[in-house]
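Shown here: coords-v5.pdb, PDB, C-alpha atoms.
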ATOM      1  CA  MET A   1      20.289  53.979  78.549  1.00  0.00           C
ATOM      2  CA  ARG A   2      20.985  56.880  76.217  1.00  0.00           C
ATOM      3  CA  THR A   3      22.115  60.464  76.401  1.00  0.00           C
ATOM      4  CA  ASN A   4      21.299  63.482  74.291  1.00  0.00           C
ATOM      5  CA  SER A   5      24.800  63.145  72.872  1.00  0.00           C
ATOM      6  CA  ASN A   6      24.042  59.580  71.728  1.00  0.00           C
ATOM      7  CA  ALA A   7      20.741  60.695  70.215  1.00  0.00           C
ATOM      8  CA  ALA A   8      22.465  63.490  68.279  1.00  0.00           C
ATOM      9  CA  ASP A   9      25.271  61.156  67.188  1.00  0.00           C
ATOM     10  CA  ASP A  10      22.720  58.550  66.081  1.00  0.00           C
ATOM     11  CA  GLN A  11      20.787  61.148  64.091  1.00  0.00           C
ATOM     12  CA  ALA A  12      23.958  62.388  62.381  1.00  0.00           C
ATOM     13  CA  ASP A  13      25.159  58.857  61.582  1.00  0.00           C
ATOM     14  CA  VAL A  14      21.770  57.854  60.162  1.00  0.00           C
ATOM     15  CA  GLU A  15      21.680  60.922  57.939  1.00  0.00           C
ATOM     16  CA  ARG A  16      25.216  60.196  56.684  1.00  0.00           C
ATOM     17  CA  VAL A  17      24.346  56.545  55.942  1.00  0.00           C
ATOM     18  CA  LEU A  18      21.185  57.576  54.090  1.00  0.00           C
ATOM     19  CA  ALA A  19      23.264  60.087  52.109  1.00  0.00           C
ATOM     20  CA  GLY A  20      25.520  57.256  50.933  1.00  0.00           C
ATOM     21  CA  ASN A  21      28.302  57.146  53.547  1.00  0.00           C
ATOM     22  CA  VAL A  22      27.957  53.462  54.510  1.00  0.00           C
ATOM     23  CA  SER A  23      30.883  53.608  56.952  1.00  0.00           C
ATOM     24  CA  ALA A  24      28.910  55.972  59.224  1.00  0.00           C
ATOM     25  CA  PHE A  25      26.905  52.945  60.389  1.00  0.00           C
ATOM     26  CA  GLU A  26      30.015  51.856  62.291  1.00  0.00           C
ATOM     27  CA  GLY A  27      29.350  54.598  64.871  1.00  0.00           C
ATOM     28  CA  ILE A  28      25.888  53.195  65.500  1.00  0.00           C
ATOM     29  CA  VAL A  29      27.291  49.691  65.911  1.00  0.00           C
ATOM     30  CA  ARG A  30      29.982  50.897  68.331  1.00  0.00           C
ATOM     31  CA  ARG A  31      27.440  52.741  70.497  1.00  0.00           C
ATOM     32  CA  TRP A  32      24.786  50.030  70.579  1.00  0.00           C
ATOM     33  CA  GLN A  33      26.615  46.706  70.168  1.00  0.00           C
ATOM     34  CA  THR A  34      27.042  45.952  73.863  1.00  0.00           C
ATOM     35  CA  PRO A  35      23.464  46.940  74.821  1.00  0.00           C
ATOM     36  CA  LEU A  36      21.977  44.850  71.980  1.00  0.00           C
ATOM     37  CA  VAL A  37      24.119  41.803  72.797  1.00  0.00           C
ATOM     38  CA  ASN A  38      23.185  42.161  76.479  1.00  0.00           C
ATOM     39  CA  LEU A  39      19.507  42.429  75.584  1.00  0.00           C
ATOM     40  CA  ALA A  40      19.734  39.324  73.397  1.00  0.00           C
ATOM     41  CA  TYR A  41      21.552  37.461  76.165  1.00  0.00           C
ATOM     42  CA  ARG A  42      18.729  38.223  78.579  1.00  0.00           C
ATOM     43  CA  PHE A  43      16.363  36.593  76.091  1.00  0.00           C
ATOM     44  CA  CYS A  44      18.369  33.450  75.265  1.00  0.00           C
ATOM     45  CA  GLN A  45      21.047  32.999  77.987  1.00  0.00           C
ATOM     46  CA  ASP A  46      23.606  31.942  75.355  1.00  0.00           C
ATOM     47  CA  ARG A  47      26.522  34.276  74.631  1.00  0.00           C
ATOM     48  CA  GLY A  48      27.223  33.009  71.114  1.00  0.00           C
ATOM     49  CA  ARG A  49      23.582  33.059  70.102  1.00  0.00           C
ATOM     50  CA  SER A  50      23.112  36.533  71.596  1.00  0.00           C
ATOM     51  CA  GLU A  51      25.992  37.874  69.498  1.00  0.00           C
ATOM     52  CA  ASP A  52      24.473  36.311  66.362  1.00  0.00           C
ATOM     53  CA  MET A  53      21.061  37.758  67.184  1.00  0.00           C
ATOM     54  CA  ALA A  54      22.518  41.235  67.769  1.00  0.00           C
ATOM     55  CA  GLN A  55      24.385  41.036  64.456  1.00  0.00           C
ATOM     56  CA  GLU A  56      21.130  40.148  62.703  1.00  0.00           C
ATOM     57  CA  ALA A  57      19.445  43.093  64.444  1.00  0.00           C
ATOM     58  CA  PHE A  58      22.110  45.443  63.091  1.00  0.00           C
ATOM     59  CA  LEU A  59      21.696  44.023  59.586  1.00  0.00           C
ATOM     60  CA  ARG A  60      17.950  44.562  59.733  1.00  0.00           C
ATOM     61  CA  ALA A  61      18.431  48.048  61.138  1.00  0.00           C
ATOM     62  CA  TYR A  62      20.837  48.924  58.327  1.00  0.00           C
ATOM     63  CA  ARG A  63      18.431  47.613  55.682  1.00  0.00           C
ATOM     64  CA  GLY A  64      15.474  49.392  57.258  1.00  0.00           C
ATOM     65  CA  LEU A  65      17.190  52.653  58.158  1.00  0.00           C
ATOM     66  CA  GLY A  66      14.986  54.596  55.779  1.00  0.00           C
ATOM     67  CA  GLN A  67      11.917  53.358  57.684  1.00  0.00           C
ATOM     68  CA  TRP A  68      12.881  55.128  60.912  1.00  0.00           C
ATOM     69  CA  ARG A  69      10.231  57.840  61.157  1.00  0.00           C
ATOM     70  CA  LYS A  70      12.147  60.013  63.636  1.00  0.00           C
ATOM     71  CA  ASP A  71       9.049  60.428  65.820  1.00  0.00           C
ATOM     72  CA  ALA A  72      11.079  58.682  68.549  1.00  0.00           C
ATOM     73  CA  VAL A  73      14.801  58.622  69.195  1.00  0.00           C
ATOM     74  CA  PHE A  74      16.805  56.187  67.094  1.00  0.00           C
ATOM     75  CA  SER A  75      17.669  53.941  70.052  1.00  0.00           C
ATOM     76  CA  THR A  76      13.966  53.322  70.751  1.00  0.00           C
ATOM     77  CA  TRP A  77      13.447  52.281  67.124  1.00  0.00           C
ATOM     78  CA  LEU A  78      16.586  50.098  67.222  1.00  0.00           C
ATOM     79  CA  PHE A  79      15.571  48.384  70.478  1.00  0.00           C
ATOM     80  CA  ALA A  80      12.036  47.783  69.191  1.00  0.00           C
ATOM     81  CA  LEU A  81      13.455  46.205  66.047  1.00  0.00           C
ATOM     82  CA  ALA A  82      15.890  44.089  68.097  1.00  0.00           C
ATOM     83  CA  THR A  83      13.258  43.052  70.631  1.00  0.00           C
ATOM     84  CA  ASN A  84      10.890  41.920  67.889  1.00  0.00           C
ATOM     85  CA  LEU A  85      13.685  40.024  66.152  1.00  0.00           C
ATOM     86  CA  TYR A  86      14.748  38.310  69.386  1.00  0.00           C
ATOM     87  CA  ARG A  87      11.170  37.337  70.216  1.00  0.00           C
ATOM     88  CA  SER A  88      10.664  35.910  66.718  1.00  0.00           C
ATOM     89  CA  GLU A  89      13.966  34.064  66.862  1.00  0.00           C
ATOM     90  CA  LEU A  90      13.066  32.474  70.191  1.00  0.00           C
ATOM     91  CA  ARG A  91       9.679  31.373  68.851  1.00  0.00           C
ATOM     92  CA  ARG A  92      11.496  29.797  65.899  1.00  0.00           C
ATOM     93  CA  ILE A  93      14.232  28.136  67.996  1.00  0.00           C
ATOM     94  CA  PRO A  94      13.396  28.303  71.710  1.00  0.00           C
ATOM     95  CA  ALA A  95      16.106  28.921  74.255  1.00  0.00           C
ATOM     96  CA  ARG A  96      16.812  26.139  76.673  1.00  0.00           C
ATOM     97  CA  THR A  97      14.128  26.485  79.276  1.00  0.00           C
ATOM     98  CA  VAL A  98      14.502  26.546  83.005  1.00  0.00           C
ATOM     99  CA  SER A  99      11.633  26.522  85.444  1.00  0.00           C
ATOM    100  CA  LEU A 100      11.662  28.334  88.751  1.00  0.00           C
ATOM    101  CA  GLU A 101      11.617  24.955  90.476  1.00  0.00           C
ATOM    102  CA  ASP A 102      14.828  23.927  88.652  1.00  0.00           C
ATOM    103  CA  ILE A 103      16.902  26.754  90.084  1.00  0.00           C
ATOM    104  CA  ALA A 104      19.313  25.387  92.651  1.00  0.00           C
ATOM    105  CA  GLU A 105      19.238  26.640  96.178  1.00  0.00           C
ATOM    106  CA  PRO A 106      22.242  28.774  97.034  1.00  0.00           C
ATOM    107  CA  LEU A 107      24.915  27.177  99.152  1.00  0.00           C
ATOM    108  CA  ASP A 108      25.777  28.410 102.622  1.00  0.00           C
ATOM    109  CA  THR A 109      27.315  31.750 101.749  1.00  0.00           C
ATOM    110  CA  ARG A 110      28.944  32.658 105.041  1.00  0.00           C
ATOM    111  CA  THR A 111      32.352  33.531 103.689  1.00  0.00           C
ATOM    112  CA  SER A 112      35.344  35.645 104.557  1.00  0.00           C
ATOM    113  CA  ASP A 113      34.902  37.852 101.471  1.00  0.00           C
ATOM    114  CA  GLY A 114      32.479  40.237 103.160  1.00  0.00           C
ATOM    115  CA  GLY A 115      29.427  38.691 101.495  1.00  0.00           C
ATOM    116  CA  LEU A 116      30.483  39.099  97.862  1.00  0.00           C
ATOM    117  CA  ASP A 117      29.708  35.444  97.107  1.00  0.00           C
ATOM    118  CA  ARG A 118      26.316  35.803  98.773  1.00  0.00           C
ATOM    119  CA  ASP A 119      25.517  38.928  96.721  1.00  0.00           C
ATOM    120  CA  TYR A 120      26.641  37.201  93.527  1.00  0.00           C
ATOM    121  CA  ASP A 121      24.558  34.092  94.309  1.00  0.00           C
ATOM    122  CA  ARG A 122      21.525  36.247  95.072  1.00  0.00           C
ATOM    123  CA  ASP A 123      21.926  38.245  91.850  1.00  0.00           C
ATOM    124  CA  MET A 124      22.362  35.088  89.785  1.00  0.00           C
ATOM    125  CA  THR A 125      19.323  33.491  91.423  1.00  0.00           C
ATOM    126  CA  VAL A 126      17.231  36.573  90.630  1.00  0.00           C
ATOM    127  CA  ARG A 127      18.478  36.667  87.023  1.00  0.00           C
ATOM    128  CA  ARG A 128      17.832  32.944  86.523  1.00  0.00           C
ATOM    129  CA  SER A 129      14.389  33.366  88.066  1.00  0.00           C
ATOM    130  CA  VAL A 130      13.560  36.201  85.680  1.00  0.00           C
ATOM    131  CA  SER A 131      14.795  34.042  82.788  1.00  0.00           C
ATOM    132  CA  ALA A 132      12.465  31.246  83.894  1.00  0.00           C
ATOM    133  CA  LEU A 133       9.359  33.447  83.775  1.00  0.00           C
ATOM    134  CA  PRO A 134       6.874  33.093  80.919  1.00  0.00           C
ATOM    135  CA  ALA A 135       8.093  35.164  77.955  1.00  0.00           C
ATOM    136  CA  LYS A 136       5.495  37.927  78.212  1.00  0.00           C
ATOM    137  CA  TYR A 137       6.506  38.755  81.792  1.00  0.00           C
ATOM    138  CA  ARG A 138      10.215  38.128  81.253  1.00  0.00           C
ATOM    139  CA  GLU A 139      10.397  40.518  78.272  1.00  0.00           C
ATOM    140  CA  ALA A 140       8.743  43.368  80.166  1.00  0.00           C
ATOM    141  CA  LEU A 141      10.957  42.867  83.230  1.00  0.00           C
ATOM    142  CA  ILE A 142      14.144  42.661  81.169  1.00  0.00           C
ATOM    143  CA  LEU A 143      13.471  45.892  79.307  1.00  0.00           C
ATOM    144  CA  PHE A 144      12.275  47.803  82.365  1.00  0.00           C
ATOM    145  CA  TYR A 145      14.766  46.639  85.001  1.00  0.00           C
ATOM    146  CA  PHE A 146      17.844  45.381  83.178  1.00  0.00           C
ATOM    147  CA  HIS A 147      17.839  47.906  80.350  1.00  0.00           C
ATOM    148  CA  ASP A 148      16.470  50.864  82.319  1.00  0.00           C
ATOM    149  CA  MET A 149      13.675  51.598  79.857  1.00  0.00           C
ATOM    150  CA  ASP A 150      10.735  53.603  81.101  1.00  0.00           C
ATOM    151  CA  ILE A 151       7.241  52.152  80.640  1.00  0.00           C
ATOM    152  CA  GLY A 152       6.615  54.084  77.416  1.00  0.00           C
ATOM    153  CA  THR A 153       9.869  53.047  75.785  1.00  0.00           C
ATOM    154  CA  ALA A 154       9.438  49.414  76.842  1.00  0.00           C
ATOM    155  CA  ALA A 155       5.873  49.478  75.482  1.00  0.00           C
ATOM    156  CA  ARG A 156       7.063  50.814  72.116  1.00  0.00           C
ATOM    157  CA  SER A 157       9.862  48.214  72.013  1.00  0.00           C
ATOM    158  CA  LEU A 158       7.376  45.429  72.661  1.00  0.00           C
ATOM    159  CA  GLY A 159       4.674  46.917  70.439  1.00  0.00           C
ATOM    160  CA  LEU A 160       2.198  46.928  73.321  1.00  0.00           C
ATOM    161  CA  PRO A 161       0.048  49.520  75.088  1.00  0.00           C
ATOM    162  CA  GLU A 162       1.619  50.999  78.230  1.00  0.00           C
ATOM    163  CA  GLY A 163      -1.156  49.527  80.387  1.00  0.00           C
ATOM    164  CA  THR A 164      -0.323  46.028  79.159  1.00  0.00           C
ATOM    165  CA  VAL A 165       3.351  46.519  80.019  1.00  0.00           C
ATOM    166  CA  LYS A 166       2.405  47.790  83.490  1.00  0.00           C
ATOM    167  CA  ALA A 167       0.182  44.757  84.023  1.00  0.00           C
ATOM    168  CA  ARG A 168       2.929  42.385  82.866  1.00  0.00           C
ATOM    169  CA  LEU A 169       5.473  44.057  85.134  1.00  0.00           C
ATOM    170  CA  PHE A 170       3.066  43.733  88.054  1.00  0.00           C
ATOM    171  CA  ARG A 171       2.293  40.077  87.334  1.00  0.00           C
ATOM    172  CA  GLY A 172       5.963  39.200  86.727  1.00  0.00           C
ATOM    173  CA  ARG A 173       6.938  40.815  90.040  1.00  0.00           C
ATOM    174  CA  GLU A 174       4.148  38.926  91.798  1.00  0.00           C
ATOM    175  CA  ILE A 175       5.392  35.601  90.412  1.00  0.00           C
ATOM    176  CA  LEU A 176       8.943  36.404  91.488  1.00  0.00           C
ATOM    177  CA  ARG A 177       7.755  37.608  94.889  1.00  0.00           C
ATOM    178  CA  SER A 178       6.041  34.272  95.476  1.00  0.00           C
ATOM    179  CA  LYS A 179       9.010  32.131  94.339  1.00  0.00           C
ATOM    180  CA  LEU A 180      12.149  34.048  95.325  1.00  0.00           C
ATOM    181  CA  PRO A 181      11.899  33.773  99.115  1.00  0.00           C
ATOM    182  CA  GLN A 182      12.181  29.971  98.901  1.00  0.00           C
ATOM    183  CA  LEU A 183      14.983  30.183  96.321  1.00  0.00           C
ATOM    184  CA  LEU A 184      16.976  32.740  98.300  1.00  0.00           C
ATOM    185  CA  ALA A 185      16.545  30.997 101.672  1.00  0.00           C
ATOM    186  CA  VAL A 186      19.950  29.852 102.839  1.00  0.00           C
ATOM    187  CA  PRO A 187      19.886  26.745 104.984  1.00  0.00           C
ATOM    188  CA  ARG A 188      21.601  27.528 108.280  1.00  0.00           C
ATOM    189  CA  LEU A 189      24.001  25.036 109.778  1.00  0.00           C
ATOM    190  CA  LYS A 190      23.580  24.307 113.426  1.00  0.00           C
ATOM    191  CA  GLU A 191      25.513  26.923 115.363  1.00  0.00           C
ATOM    192  CA  ALA A 192      26.238  24.478 118.187  1.00  0.00           C
ATOM    193  CA  LEU A 193      28.661  22.357 116.165  1.00  0.00           C
TER
END

Kindly present the structure from the file in structure tokens form.
Amino acid sequence: MRTNSNAADDQADVERVLAGNVSAFEGIVRRWQTPLVNLAYRFCQDRGRSEDMAQEAFLRAYRGLGQWRKDAVFSTWLFALATNLYRSELRRIPARTVSLEDIAEPLDTRTSDGGLDRDYDRDMTVRRSVSALPAKYREALILFYFHDMDIGTAARSLGLPEGTVKARLFRGREILRSKLPQLLAVPRLKEAL
């Protein structure tokens, strides 16, 4: 998710902003805009709303920049702020909900493209299935798997103990493990036709 270069750049930009150089915040936005929009999209599944939510996260980060304690890298603080904002926003105005039972079965994916359609359908089914999980499991899975956060970073972003995040990851995987085989099963046409 981040490199030492990003961490050093973030630190330098934060110090410049706090010293009065407001335009230094642009570097932070450039580095983290795509990851924050992607994170928001995983929460709400709406591109326009995810962009609005990420913009609000940047505004809150800018206003609260002086509150970053520097005991963790800036990106961890930023993602925790964004995650909390996104969770609050979705409690206020819920995203359109989908249940695991509502996810359509994939079509027969035997194609001449070498299986690209099949891989895409499988990936989309998995992503939709994760989106249909209860929020507490979905949030942990999104941060850990889709945003490559380790358990500690995901726990700090969610404001939870590491053990709770591990338990939610386990339970979320169990739910998916029980539902995905039926959703990914491709009905086979009779070969004798």

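The space separating atom CA of A:Ala61 from atom CA of A:Ala24 comes to 13.3 Å.
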
Pairwise distance for atom CA of A:Arg47 and atom CA of A:Thr34, rounded to one decimal in Å
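For atom CA of A:Arg47 relative to atom CA of A:Thr34, the distance reads 11.7 Å.
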
Distance query stretch 169-175 of chain A at most 9 Å, all atoms listed in the file, self and fewer than 6 positions along chain excluded, as a VMD selection string:
chain A and resid 130 133 to 134 136 to 138 140 to 141 144

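The space between atom CA of A:Ala82 and atom CA of A:Pro35 spans 10.5 Å.
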
Please identify all polymer residues within 10 Å of A:Ala80, counting only C-alpha atoms, omitting same-chain residues fewer than 6 positions from it, and present them as a list in words.
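The filter keeps Ala57, Phe74, Tyr86, Thr153, Ala154, Ala155, Arg156, Ser157, Leu158 and Gly159 of chain A.
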
Using all atoms listed in the file, what residues lie at most 6 Å away from (26.8, 58.4, 62.0) (file coordinates), given as a PyMOL selection string?
chain A and resi 10+12-14+16+24-25+27

Could you write those residues out with C-alpha atoms, as a PDB file, in the coordinates of the input?
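Result file selection03.pdb:
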ATOM      1  CA  ASP A  10      22.720  58.550  66.081  1.00  0.00           C
ATOM      2  CA  ALA A  12      23.958  62.388  62.381  1.00  0.00           C
ATOM      3  CA  ASP A  13      25.159  58.857  61.582  1.00  0.00           C
ATOM      4  CA  VAL A  14      21.770  57.854  60.162  1.00  0.00           C
ATOM      5  CA  ARG A  16      25.216  60.196  56.684  1.00  0.00           C
ATOM      6  CA  ALA A  24      28.910  55.972  59.224  1.00  0.00           C
ATOM      7  CA  PHE A  25      26.905  52.945  60.389  1.00  0.00           C
ATOM      8  CA  GLY A  27      29.350  54.598  64.871  1.00  0.00           C
TER       9      GLY A  27
END

Have a look at A:Ile151, A:Phe43, A:Trp32, A:Gly163 and name the one nearest to A:Ser88; count all atoms listed in the file.
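Comparing A:Ile151, A:Phe43, A:Trp32, A:Gly163 against A:Ser88, the winner is A:Phe43.
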
With the PyMOL selection byres ((chain A and resi 52) around 12) as the selection, what would be picked from this file? Answer as a PyMOL selection string, please.
chain A and resi 33+36-38+40-41+44+46-51+53-59+82+85-86+89
